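Containing mmCIF, C-alpha atoms: coords08.cif.
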```cif
data_work
loop_
_atom_site.group_PDB
_atom_site.id
_atom_site.type_symbol
_atom_site.label_atom_id
_atom_site.label_comp_id
_atom_site.auth_asym_id
_atom_site.auth_seq_id
_atom_site.Cartn_x
_atom_site.Cartn_y
_atom_site.Cartn_z
ATOM 1 C CA MET L 15 -20.345 14.446 43.587
ATOM 2 C CA LYS L 16 -22.417 17.463 44.558
ATOM 3 C CA ILE L 17 -25.239 16.710 46.953
ATOM 4 C CA SER L 18 -28.390 17.976 45.240
ATOM 5 C CA ASP L 19 -30.860 20.296 46.945
ATOM 6 C CA GLU L 20 -33.451 17.525 46.689
ATOM 7 C CA LEU L 21 -31.205 15.049 48.500
ATOM 8 C CA ALA L 22 -30.256 17.671 51.113
ATOM 9 C CA SER L 23 -33.947 18.281 51.834
ATOM 10 C CA ALA L 24 -34.494 14.547 52.160
ATOM 11 C CA ILE L 25 -31.627 14.367 54.675
ATOM 12 C CA ALA L 26 -33.301 17.144 56.682
ATOM 13 C CA SER L 27 -36.436 15.014 56.863
ATOM 14 C CA VAL L 28 -34.404 12.254 58.571
ATOM 15 C CA THR L 29 -33.624 14.315 61.662
ATOM 16 C CA GLU L 30 -37.172 15.668 61.611
ATOM 17 C CA VAL L 31 -38.833 12.249 61.885
ATOM 18 C CA ALA L 32 -36.333 11.240 64.583
ATOM 19 C CA ALA L 33 -37.133 14.337 66.644
ATOM 20 C CA ILE L 34 -40.881 13.825 66.297
ATOM 21 C CA ALA L 35 -40.535 10.201 67.431
ATOM 22 C CA ALA L 36 -38.333 11.157 70.393
ATOM 23 C CA PHE L 37 -40.761 13.890 71.461
ATOM 24 C CA GLU L 38 -43.204 11.234 72.659
ATOM 25 C CA TRP L 39 -40.698 10.454 75.431
ATOM 26 C CA VAL L 40 -39.940 14.006 76.597
ATOM 27 C CA GLY L 41 -40.082 14.192 80.395
ATOM 28 C CA LYS L 42 -40.803 10.489 80.860
ATOM 29 C CA GLN L 43 -37.440 9.675 82.471
ATOM 30 C CA ASP L 44 -36.596 6.935 79.964
ATOM 31 C CA LYS L 45 -33.717 8.066 77.763
ATOM 32 C CA ASN L 46 -33.237 4.607 76.256
ATOM 33 C CA ALA L 47 -36.835 4.437 75.038
ATOM 34 C CA ALA L 48 -36.453 7.921 73.537
ATOM 35 C CA ASP L 49 -33.241 6.927 71.785
ATOM 36 C CA ASN L 50 -34.760 3.704 70.438
ATOM 37 C CA ALA L 51 -37.749 5.615 69.056
ATOM 38 C CA ALA L 52 -35.473 8.122 67.321
ATOM 39 C CA VAL L 53 -33.245 5.381 65.897
ATOM 40 C CA GLU L 54 -36.167 3.425 64.465
ATOM 41 C CA ALA L 55 -37.703 6.520 62.859
ATOM 42 C CA MET L 56 -34.349 7.637 61.487
ATOM 43 C CA ARG L 57 -33.502 4.238 60.018
ATOM 44 C CA ASN L 58 -36.915 3.881 58.396
ATOM 45 C CA ARG L 59 -36.668 7.292 56.747
ATOM 46 C CA LEU L 60 -33.067 6.733 55.591
ATOM 47 C CA ASN L 61 -34.164 3.540 53.872
ATOM 48 C CA GLN L 62 -36.837 5.430 51.924
ATOM 49 C CA ILE L 63 -34.404 7.917 50.338
ATOM 50 C CA ASP L 64 -32.847 7.436 46.898
ATOM 51 C CA PHE L 65 -29.206 7.201 47.957
ATOM 52 C CA HIS L 66 -26.773 4.510 49.103
ATOM 53 C CA GLY L 67 -25.427 5.433 52.511
ATOM 54 C CA LYS L 68 -22.995 3.940 54.980
ATOM 55 C CA ILE L 69 -22.895 4.799 58.675
ATOM 56 C CA VAL L 70 -19.222 5.642 59.227
ATOM 57 C CA ILE L 71 -19.709 6.692 62.817
ATOM 58 C CA GLY L 72 -22.787 6.215 64.941
ATOM 59 C CA GLU L 73 -23.955 4.856 68.243
ATOM 60 C CA GLY L 74 -22.294 1.458 68.315
ATOM 61 C CA GLU L 75 -21.063 -1.644 66.558
ATOM 62 C CA ILE L 76 -22.993 -4.179 64.519
ATOM 63 C CA ASP L 77 -23.866 -6.326 67.537
ATOM 64 C CA GLU L 78 -25.520 -3.421 69.367
ATOM 65 C CA ALA L 79 -28.821 -3.275 67.449
ATOM 66 C CA PRO L 80 -31.206 -1.448 67.344
ATOM 67 C CA MET L 81 -28.630 1.342 67.181
ATOM 68 C CA LEU L 82 -27.562 2.751 63.820
ATOM 69 C CA TYR L 83 -24.299 0.853 63.897
ATOM 70 C CA ILE L 84 -20.948 1.619 62.302
ATOM 71 C CA GLY L 85 -20.809 0.058 58.873
ATOM 72 C CA GLU L 86 -24.586 -0.241 58.476
ATOM 73 C CA GLN L 87 -25.834 0.259 54.924
ATOM 74 C CA VAL L 88 -28.901 2.468 54.531
ATOM 75 C CA GLY L 89 -30.965 3.773 51.655
ATOM 76 C CA LYS L 90 -31.097 1.926 48.344
ATOM 77 C CA GLN L 91 -28.014 -0.036 47.294
ATOM 78 C CA SER L 92 -28.894 0.425 43.613
ATOM 79 C CA SER L 93 -28.733 4.228 43.871
ATOM 80 C CA GLU L 94 -25.967 6.149 42.123
ATOM 81 C CA HIS L 95 -25.737 8.631 45.008
ATOM 82 C CA HIS L 96 -23.216 7.301 47.559
ATOM 83 C CA LEU L 97 -22.818 9.042 50.921
ATOM 84 C CA ASP L 98 -21.017 8.657 54.230
ATOM 85 C CA ILE L 99 -23.279 9.249 57.231
ATOM 86 C CA ALA L 100 -22.356 10.418 60.748
ATOM 87 C CA VAL L 101 -25.323 10.223 63.053
ATOM 88 C CA ASP L 102 -26.558 10.850 66.570
ATOM 89 C CA PRO L 103 -30.322 10.246 66.708
ATOM 90 C CA ILE L 104 -30.477 12.271 69.942
ATOM 91 C CA ASP L 105 -27.725 14.594 71.099
ATOM 92 C CA GLY L 106 -28.919 15.000 74.670
ATOM 93 C CA THR L 107 -30.901 11.882 75.602
ATOM 94 C CA ARG L 108 -30.860 12.857 79.265
ATOM 95 C CA MET L 109 -32.327 16.249 78.367
ATOM 96 C CA VAL L 110 -35.187 14.525 76.538
ATOM 97 C CA ALA L 111 -35.833 12.277 79.544
ATOM 98 C CA CYS L 112 -35.826 15.264 81.900
ATOM 99 C CA ASN L 113 -37.646 17.709 79.587
ATOM 100 C CA GLU L 114 -34.714 20.115 79.411
ATOM 101 C CA HIS L 115 -33.865 22.485 76.576
ATOM 102 C CA ASN L 116 -31.416 21.925 73.692
ATOM 103 C CA ALA L 117 -32.004 18.243 72.871
ATOM 104 C CA ILE L 118 -31.628 17.753 69.112
ATOM 105 C CA ALA L 119 -31.559 14.987 66.498
ATOM 106 C CA VAL L 120 -28.490 15.384 64.278
ATOM 107 C CA LEU L 121 -26.902 13.940 61.157
ATOM 108 C CA ALA L 122 -24.077 14.834 58.764
ATOM 109 C CA ALA L 123 -23.645 13.475 55.240
ATOM 110 C CA ALA L 124 -20.907 13.777 52.625
ATOM 111 C CA PRO L 125 -19.737 11.842 49.545
ATOM 112 C CA THR L 126 -18.358 8.366 50.215
ATOM 113 C CA GLY L 127 -14.833 8.326 51.623
ATOM 114 C CA THR L 128 -14.848 11.909 52.912
ATOM 115 C CA LEU L 129 -15.945 11.440 56.552
ATOM 116 C CA LEU L 130 -13.609 9.845 59.085
ATOM 117 C CA GLN L 131 -14.676 6.360 60.132
ATOM 118 C CA ALA L 132 -14.001 5.846 63.821
ATOM 119 C CA PRO L 133 -15.322 3.814 66.752
ATOM 120 C CA ASP L 134 -18.036 5.145 69.041
ATOM 121 C CA MET L 135 -15.733 6.281 71.860
ATOM 122 C CA TYR L 136 -14.640 9.472 73.599
ATOM 123 C CA MET L 137 -13.030 12.335 71.717
ATOM 124 C CA GLU L 138 -11.297 15.504 72.890
ATOM 125 C CA LYS L 139 -12.472 18.426 70.732
ATOM 126 C CA MET L 140 -11.568 22.044 70.172
ATOM 127 C CA VAL L 141 -13.811 24.148 67.925
ATOM 128 C CA VAL L 142 -13.444 27.809 66.912
ATOM 129 C CA GLY L 143 -15.163 30.088 64.424
ATOM 130 C CA PRO L 144 -13.840 31.384 61.079
ATOM 131 C CA ALA L 145 -12.092 34.399 62.631
ATOM 132 C CA ALA L 146 -9.856 32.098 64.711
ATOM 133 C CA LYS L 147 -9.187 29.486 62.019
ATOM 134 C CA GLY L 148 -5.638 28.157 62.414
ATOM 135 C CA ALA L 149 -5.009 30.111 65.607
ATOM 136 C CA VAL L 150 -5.246 27.314 68.196
ATOM 137 C CA HIS L 151 -3.840 23.787 68.424
ATOM 138 C CA LEU L 152 -4.564 20.839 70.691
ATOM 139 C CA LYS L 153 -0.860 20.319 71.331
ATOM 140 C CA ASN L 154 -0.805 23.634 73.233
ATOM 141 C CA PRO L 155 -1.771 24.106 76.883
ATOM 142 C CA ILE L 156 -5.238 25.638 77.206
ATOM 143 C CA GLU L 157 -3.745 28.887 78.545
ATOM 144 C CA LYS L 158 -1.616 29.299 75.420
ATOM 145 C CA ASN L 159 -4.629 28.612 73.203
ATOM 146 C CA LEU L 160 -6.589 31.286 75.063
ATOM 147 C CA GLU L 161 -3.780 33.754 74.360
ATOM 148 C CA PHE L 162 -3.775 32.832 70.662
ATOM 149 C CA LEU L 163 -7.571 33.018 70.538
ATOM 150 C CA SER L 164 -7.513 36.441 72.188
ATOM 151 C CA ALA L 165 -5.039 37.709 69.597
ATOM 152 C CA ALA L 166 -6.951 36.244 66.643
ATOM 153 C CA LEU L 167 -10.237 37.764 67.762
ATOM 154 C CA ASP L 168 -8.655 41.007 69.028
ATOM 155 C CA LYS L 169 -10.538 40.397 72.243
ATOM 156 C CA PRO L 170 -9.254 40.547 75.843
ATOM 157 C CA ILE L 171 -8.965 37.176 77.571
ATOM 158 C CA SER L 172 -11.448 38.458 80.154
ATOM 159 C CA MET L 173 -14.018 38.733 77.361
ATOM 160 C CA LEU L 174 -13.495 35.220 75.922
ATOM 161 C CA ASN L 175 -16.279 32.668 76.389
ATOM 162 C CA VAL L 176 -15.453 28.953 76.366
ATOM 163 C CA ALA L 177 -18.240 26.358 76.252
ATOM 164 C CA ILE L 178 -17.502 23.050 77.952
ATOM 165 C CA LEU L 179 -19.540 20.054 79.086
ATOM 166 C CA ASP L 180 -20.209 20.183 82.823
ATOM 167 C CA LYS L 181 -18.729 16.766 83.632
ATOM 168 C CA PRO L 182 -16.418 15.582 86.445
ATOM 169 C CA ARG L 183 -13.616 15.029 83.928
ATOM 170 C CA HIS L 184 -13.685 18.738 83.052
ATOM 171 C CA GLN L 185 -13.676 20.305 86.524
ATOM 172 C CA HIS L 186 -9.896 20.746 86.543
ATOM 173 C CA ILE L 187 -9.808 22.414 83.124
ATOM 174 C CA ILE L 188 -12.792 24.616 84.021
ATOM 175 C CA LYS L 189 -10.842 25.852 87.016
ATOM 176 C CA ILE L 190 -7.752 26.545 84.877
ATOM 177 C CA ILE L 191 -9.753 28.526 82.305
ATOM 178 C CA ARG L 192 -11.467 30.624 84.982
ATOM 179 C CA ASN L 193 -8.238 31.238 86.879
ATOM 180 C CA PHE L 194 -6.657 32.412 83.620
ATOM 181 C CA GLY L 195 -9.382 35.040 83.340
ATOM 182 C CA ALA L 196 -11.668 33.685 80.618
ATOM 183 C CA ASN L 197 -15.358 32.934 81.061
ATOM 184 C CA VAL L 198 -16.719 29.383 81.101
ATOM 185 C CA ILE L 199 -20.180 28.506 79.802
ATOM 186 C CA THR L 200 -20.989 25.061 81.171
ATOM 187 C CA ILE L 201 -23.443 22.901 79.246
ATOM 188 C CA PRO L 202 -25.045 19.779 80.770
ATOM 189 C CA ASP L 203 -25.026 17.696 77.571
ATOM 190 C CA GLY L 204 -24.971 18.090 73.807
ATOM 191 C CA ASP L 205 -21.819 19.645 72.396
ATOM 192 C CA VAL L 206 -22.988 19.658 68.747
ATOM 193 C CA LEU L 207 -25.219 22.677 69.344
ATOM 194 C CA ALA L 208 -22.388 24.373 71.251
ATOM 195 C CA SER L 209 -20.080 23.780 68.266
ATOM 196 C CA LEU L 210 -22.618 25.341 65.898
ATOM 197 C CA LEU L 211 -23.030 28.379 68.146
ATOM 198 C CA THR L 212 -19.240 28.742 68.314
ATOM 199 C CA ILE L 213 -18.995 28.890 64.533
ATOM 200 C CA LEU L 214 -21.864 31.345 64.034
ATOM 201 C CA PRO L 215 -20.393 34.870 64.422
ATOM 202 C CA GLU L 216 -23.442 36.439 66.081
ATOM 203 C CA HIS L 217 -23.253 34.203 69.153
ATOM 204 C CA SER L 218 -21.049 34.786 72.175
ATOM 205 C CA ILE L 219 -19.189 31.455 72.370
ATOM 206 C CA ASP L 220 -15.592 31.830 71.168
ATOM 207 C CA MET L 221 -14.443 28.235 71.665
ATOM 208 C CA MET L 222 -15.998 24.866 72.378
ATOM 209 C CA TYR L 223 -13.610 22.575 74.216
ATOM 210 C CA GLY L 224 -13.767 19.276 76.042
ATOM 211 C CA THR L 225 -14.144 15.522 75.791
ATOM 212 C CA GLY L 226 -17.399 14.013 74.557
ATOM 213 C CA GLY L 227 -18.621 11.467 72.037
ATOM 214 C CA ALA L 228 -16.746 10.837 68.782
ATOM 215 C CA PRO L 229 -19.922 10.747 66.641
ATOM 216 C CA GLU L 230 -20.798 14.245 67.855
ATOM 217 C CA GLY L 231 -17.204 15.223 67.103
ATOM 218 C CA ILE L 232 -17.377 14.211 63.446
ATOM 219 C CA ILE L 233 -20.766 15.928 63.120
ATOM 220 C CA SER L 234 -19.277 19.093 64.663
ATOM 221 C CA ALA L 235 -16.384 18.843 62.200
ATOM 222 C CA ALA L 236 -18.913 18.746 59.363
ATOM 223 C CA ILE L 237 -20.421 22.008 60.630
ATOM 224 C CA ALA L 238 -16.977 23.615 60.872
ATOM 225 C CA ARG L 239 -16.043 22.481 57.369
ATOM 226 C CA ALA L 240 -19.335 23.684 55.908
ATOM 227 C CA LEU L 241 -19.296 27.141 57.500
ATOM 228 C CA GLY L 242 -15.586 27.989 57.509
ATOM 229 C CA GLY L 243 -14.794 27.275 61.156
ATOM 230 C CA ASP L 244 -11.958 25.152 62.474
ATOM 231 C CA MET L 245 -11.652 22.084 64.672
ATOM 232 C CA GLN L 246 -9.076 19.654 65.974
ATOM 233 C CA ALA L 247 -9.710 16.459 67.898
ATOM 234 C CA ARG L 248 -8.164 13.274 69.236
ATOM 235 C CA LEU L 249 -9.652 9.991 70.374
ATOM 236 C CA VAL L 250 -9.473 9.304 74.107
ATOM 237 C CA PRO L 251 -9.731 5.822 75.676
ATOM 238 C CA ARG L 252 -12.588 5.257 78.071
ATOM 239 C CA ASN L 253 -10.392 4.737 81.138
ATOM 240 C CA LYS L 254 -8.830 8.174 80.548
ATOM 241 C CA ALA L 255 -12.125 9.980 79.920
ATOM 242 C CA LYS L 256 -13.840 8.327 82.879
ATOM 243 C CA ASP L 257 -12.698 6.454 85.997
ATOM 244 C CA ASP L 258 -9.737 4.100 85.558
ATOM 245 C CA THR L 259 -11.670 1.032 86.676
ATOM 246 C CA LYS L 260 -11.051 -2.551 85.597
ATOM 247 C CA GLN L 261 -14.188 -2.480 83.444
ATOM 248 C CA ASN L 262 -13.154 0.758 81.742
ATOM 249 C CA GLN L 263 -9.673 -0.645 81.136
ATOM 250 C CA LEU L 264 -11.226 -3.646 79.367
ATOM 251 C CA LEU L 265 -13.417 -1.346 77.265
ATOM 252 C CA ALA L 266 -10.390 0.824 76.454
ATOM 253 C CA ALA L 267 -8.520 -2.258 75.233
ATOM 254 C CA GLN L 268 -11.444 -3.075 72.913
ATOM 255 C CA GLU L 269 -11.450 0.517 71.656
ATOM 256 C CA ALA L 270 -7.739 0.232 70.861
ATOM 257 C CA ILE L 271 -8.374 -2.892 68.784
ATOM 258 C CA ARG L 272 -11.178 -1.215 66.823
ATOM 259 C CA CYS L 273 -9.014 1.862 66.193
ATOM 260 C CA GLN L 274 -6.206 -0.344 64.896
ATOM 261 C CA GLN L 275 -8.659 -2.101 62.573
ATOM 262 C CA MET L 276 -9.823 1.259 61.232
ATOM 263 C CA GLY L 277 -6.314 2.632 60.849
ATOM 264 C CA ILE L 278 -6.678 5.359 63.490
ATOM 265 C CA GLU L 279 -4.271 6.026 66.327
ATOM 266 C CA ILE L 280 -5.653 6.918 69.759
ATOM 267 C CA GLY L 281 -4.217 10.248 70.860
ATOM 268 C CA GLU L 282 -3.272 11.342 67.339
ATOM 269 C CA ILE L 283 -4.339 14.928 66.657
ATOM 270 C CA LEU L 284 -6.964 14.933 63.936
ATOM 271 C CA THR L 285 -7.199 18.032 61.741
ATOM 272 C CA LEU L 286 -10.442 19.278 60.250
ATOM 273 C CA ASP L 287 -9.425 17.991 56.808
ATOM 274 C CA SER L 288 -8.699 14.523 58.178
ATOM 275 C CA MET L 289 -12.152 14.348 59.762
ATOM 276 C CA VAL L 290 -14.089 15.879 56.841
ATOM 277 C CA SER L 291 -12.134 16.051 53.596
ATOM 278 C CA THR L 292 -14.728 17.920 51.507
ATOM 279 C CA SER L 293 -16.775 21.091 51.722
ATOM 280 C CA ASP L 294 -19.652 19.302 49.968
ATOM 281 C CA VAL L 295 -21.152 18.303 53.292
ATOM 282 C CA ILE L 296 -24.656 18.511 54.713
ATOM 283 C CA PHE L 297 -25.573 18.991 58.372
ATOM 284 C CA SER L 298 -29.111 18.672 59.660
ATOM 285 C CA ALA L 299 -30.450 19.185 63.178
ATOM 286 C CA THR L 300 -34.047 19.154 64.397
ATOM 287 C CA ALA L 301 -34.911 20.419 67.859
ATOM 288 C CA ILE L 302 -36.741 17.971 70.096
ATOM 289 C CA THR L 303 -36.982 20.403 72.993
ATOM 290 C CA PRO L 304 -36.667 24.211 72.568
ATOM 291 C CA SER L 305 -33.157 25.421 71.741
ATOM 292 C CA VAL L 306 -31.324 28.687 71.214
ATOM 293 C CA LEU L 307 -31.815 28.485 67.448
ATOM 294 C CA MET L 308 -35.003 26.451 66.985
ATOM 295 C CA ASN L 309 -38.372 25.794 68.499
ATOM 296 C CA GLY L 310 -38.863 22.325 69.888
ATOM 297 C CA ILE L 311 -41.445 19.867 68.591
ATOM 298 C CA SER L 312 -45.002 21.098 69.142
ATOM 299 C CA ASN L 313 -47.786 18.527 69.145
ATOM 300 C CA ASP L 314 -51.477 19.262 69.683
ATOM 301 C CA PRO L 315 -54.714 17.523 68.674
ATOM 302 C CA HIS L 316 -54.718 19.305 65.309
ATOM 303 C CA SER L 317 -51.105 19.371 64.114
ATOM 304 C CA CYS L 318 -47.420 18.677 64.764
ATOM 305 C CA SER L 319 -44.708 21.289 64.128
ATOM 306 C CA ALA L 320 -40.959 20.826 63.758
ATOM 307 C CA SER L 321 -38.002 23.196 63.313
ATOM 308 C CA THR L 322 -34.860 22.041 61.479
ATOM 309 C CA ILE L 323 -31.518 23.675 60.685
ATOM 310 C CA LEU L 324 -30.027 22.604 57.354
ATOM 311 C CA VAL L 325 -26.418 23.595 56.629
ATOM 312 C CA ASN L 326 -25.034 23.114 53.119
ATOM 313 C CA GLY L 327 -21.283 23.365 52.756
ATOM 314 C CA ASN L 328 -21.442 23.536 48.982
ATOM 315 C CA ASN L 329 -22.753 27.105 49.089
ATOM 316 C CA ARG L 330 -21.971 27.780 52.781
ATOM 317 C CA SER L 331 -25.608 28.353 53.597
ATOM 318 C CA MET L 332 -27.781 27.736 56.615
ATOM 319 C CA LYS L 333 -31.550 27.783 56.649
ATOM 320 C CA ILE L 334 -34.230 26.996 59.183
ATOM 321 C CA ILE L 335 -37.086 24.821 57.946
ATOM 322 C CA ASN L 336 -40.349 25.116 59.866
ATOM 323 C CA ASN L 337 -42.873 22.423 58.985
ATOM 324 C CA ARG L 338 -46.390 21.983 60.299
ATOM 325 C CA TYR L 339 -48.213 18.706 59.671
ATOM 326 C CA PHE L 340 -51.980 18.619 60.081
ATOM 327 C CA LYS L 341 -53.612 15.477 61.400
#
```
The structure in this file should be written as structure tokens.
Amino acid sequence: MKISDELASAIASVTEVAAIAAFEWVGKQDKNAADNAAVEAMRNRLNQIDFHGKIVIGEGEIDEAPMLYIGEQVGKQSSEHHLDIAVDPIDGTRMVACNEHNAIAVLAAAPTGTLLQAPDMYMEKMVVGPAAKGAVHLKNPIEKNLEFLSAALDKPISMLNVAILDKPRHQHIIKIIRNFGANVITIPDGDVLASLLTILPEHSIDMMYGTGGAPEGIISAAIARALGGDMQARLVPRNKAKDDTKQNQLLAAQEAIRCQQMGIEIGEILTLDSMVSTSDVIFSATAITPSVLMNGISNDPHSCSASTILVNGNNRSMKIINNRYFK
């Protein structure tokens, strides 16, 4: 099925209401309250739209309400429009709590059965733009991928820019990349925006690499599929992504069970097609705080303004929607 322009616009309104709700918590040092506000607004809006959706990857499992949980049905079950949904009500909850830039509400949607269903766990990701499609592979050492990327882009390694989350688990790889001669752009949180910037040719990021959340990974894959970029990924157990503590080992064992139930193998390299098997995919992101591409939410006594990016893979388009609501 082709996602209609009307349905795509409705999907854009979902991230918009989530961002507006989360904005009330900007700078208040309570990321959980911000996330809960975004989830509630997002769920309410999803249930108003004429489609039948299923959350294939989100913030948690069914027993972790009020999150938009994996397997949750949203919209109207009688609708003839059936979609898979990958969602992150706030990519960058800490940035909302601390009033930092680049916090966004994000969602990807595609026809039923075309988005990978996976647990909410860690995922290693590698994203490149259209010019480097097929040039890099997760099985390669990072140095070899930098060489291949350099050749594909006809760009010296010293001019390559790699975006990576600034986390303890990445310090070793950051050192390797810098010692090899490439430049590292560290980001505190939120790798979906970094993936989008990697795929857009006018921006300086040549690769987004690192381990972050799987929901953000599937959403990034939707962007790559829609705009002609490329991505590979693999699921990583919690005790490998973080400290190998007893608690993390127990959580990793639970992750392994959920992966087995979903028919996914931890550590298996996932291609772009295996994560998003159609180009008829929609990506929506609304800025909560100011970002590189969008203004953040603006709220004054007279009106509220929001800025949303809507990407449509069907016609490989991207537009920015600026709405102002008067009170």
Any idea what's packed within 7 Å of Asp180 of chain L, counting all atoms listed in the file, ignoring anything in its chain fewer than 3 positions away? Could you give it as an mmCIF file with C-alpha atoms, in the frame of the given file?
```cif
data_model
loop_
_atom_site.group_PDB
_atom_site.id
_atom_site.type_symbol
_atom_site.label_atom_id
_atom_site.label_comp_id
_atom_site.auth_asym_id
_atom_site.auth_seq_id
_atom_site.Cartn_x
_atom_site.Cartn_y
_atom_site.Cartn_z
ATOM 1 C CA HIS L 184 -13.685 18.738 83.052
ATOM 2 C CA THR L 200 -20.989 25.061 81.171
ATOM 3 C CA ILE L 201 -23.443 22.901 79.246
ATOM 4 C CA PRO L 202 -25.045 19.779 80.770
#
```
>> So that I can see what lies close to Ala146 of chain L, please list as a ChimeraX atom specification the residues with an atom at most 8 Å from it, counting only C-alpha atoms and leaving out residues fewer than 5 positions away in the same chain.
In response: /L:163,166-167,243-244
Might you pull out every residue within 10 Å of Met276 of chain L, with only C-alpha atoms counted and same-chain residues fewer than 4 positions away left off, and present them as a PDB file with C-alpha atoms, keeping the file's coordinate frame?
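Writing the result to result_32.pdb gives the following:
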```pdb
ATOM      1  CA  LEU L 130     -13.609   9.845  59.085  1.00  0.00           C
ATOM      2  CA  GLN L 131     -14.676   6.360  60.132  1.00  0.00           C
ATOM      3  CA  ALA L 132     -14.001   5.846  63.821  1.00  0.00           C
ATOM      4  CA  PRO L 133     -15.322   3.814  66.752  1.00  0.00           C
ATOM      5  CA  ALA L 270      -7.739   0.232  70.861  1.00  0.00           C
ATOM      6  CA  ILE L 271      -8.374  -2.892  68.784  1.00  0.00           C
ATOM      7  CA  ARG L 272     -11.178  -1.215  66.823  1.00  0.00           C
TER       8      ARG L 272
END
```
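With the shown file loaded, the PyMOL selection byres ((chain L and resi 59) around 12) picks out Ala24, Ile25, Ala26, Ser27, Val28, Thr29, Glu30, Val31, Ala32, Ala35, Ala52, Val53, Glu54, Ala55, Met56, Arg57, Asn58, Leu60, Asn61, Gln62, Ile63, Asp64, Phe65, Val88, Gly89 and Lys90 of chain L.
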> Just so the selection is clear, what residues does the PyMOL selection byres ((chain L and resi 42-45) around 12) cover here, as a count of residues only?
Replying inline: 26
> Can you tell me how far atom CA of Ile156 of chain L sits from atom CA of Asn175 of chain L, in Å to one decimal?
Replying inline: 13.1 Å
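Between atom CA of Asp220 of chain L and atom CA of Thr285 of chain L the separation is 18.7 Å.
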Please tabulate, as a tab-separated table, the residues of segment 219-295 of chain L that come within 6 Å of segment 316-334 of chain L, each with its closest pair of atoms and the distance in Å to one decimal, counting only C-alpha atoms and ordering rows by chain, then residue number upward.
```
residue	atom	partner	partner_atom	distance
L:Ala240	CA	L:Gly327	CA	3.7
L:Leu241	CA	L:Arg330	CA	5.5
L:Ser293	CA	L:Gly327	CA	5.2
L:Asp294	CA	L:Asn328	CA	4.7
L:Val295	CA	L:Gly327	CA	5.1
```
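Picked out by the PyMOL selection byres ((chain L and resi 170) around 12) when it runs on this file: Leu160, Glu161, Phe162, Leu163, Ser164, Ala165, Ala166, Leu167, Asp168, Lys169, Ile171, Ser172, Met173, Leu174, Asn175, Phe194, Gly195, Ala196, Asn197 and Asp220 of chain L.
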Return as lines of an AutoDock Vina configuration file the centre and edge lengths, in Å with one decimal, of the box along x, y and z that encloses every atom of segment 270-276 of chain L in the file, padded by 6 Å per side.
```
center_x = -8.7
center_y = -0.5
center_z = 66.0
size_x = 17.0
size_y = 16.8
size_z = 21.6
```
>> For a test of reading the model, state the distance in Å between atom CA of Ile99 of chain L and atom CA of Ile71 of chain L, rounded to one decimal.
In response: 7.1 Å
>> For Ser209 of chain L, find every residue with an atom within 7 Å (counting all atoms listed in the file), except residues of its own chain fewer than 5 positions away, and show them as an NGL selection string.
In response: :L and (141 or 222 or 234)
Written file, previous selection with C-alpha atoms, as a CSV table (one decimal), keeping the file's coordinate frame:
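Everything below was put into result.csv:
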```
chain,number,residue,atom,x,y,z
L,141,VAL,CA,-13.8,24.1,67.9
L,222,MET,CA,-16.0,24.9,72.4
L,234,SER,CA,-19.3,19.1,64.7
```
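Proximity of L:Ile34, L:Met308, L:Ala301, L:Ala208 to Glu230 of chain L, computed with all atoms listed in the file, is greatest for L:Ala208.
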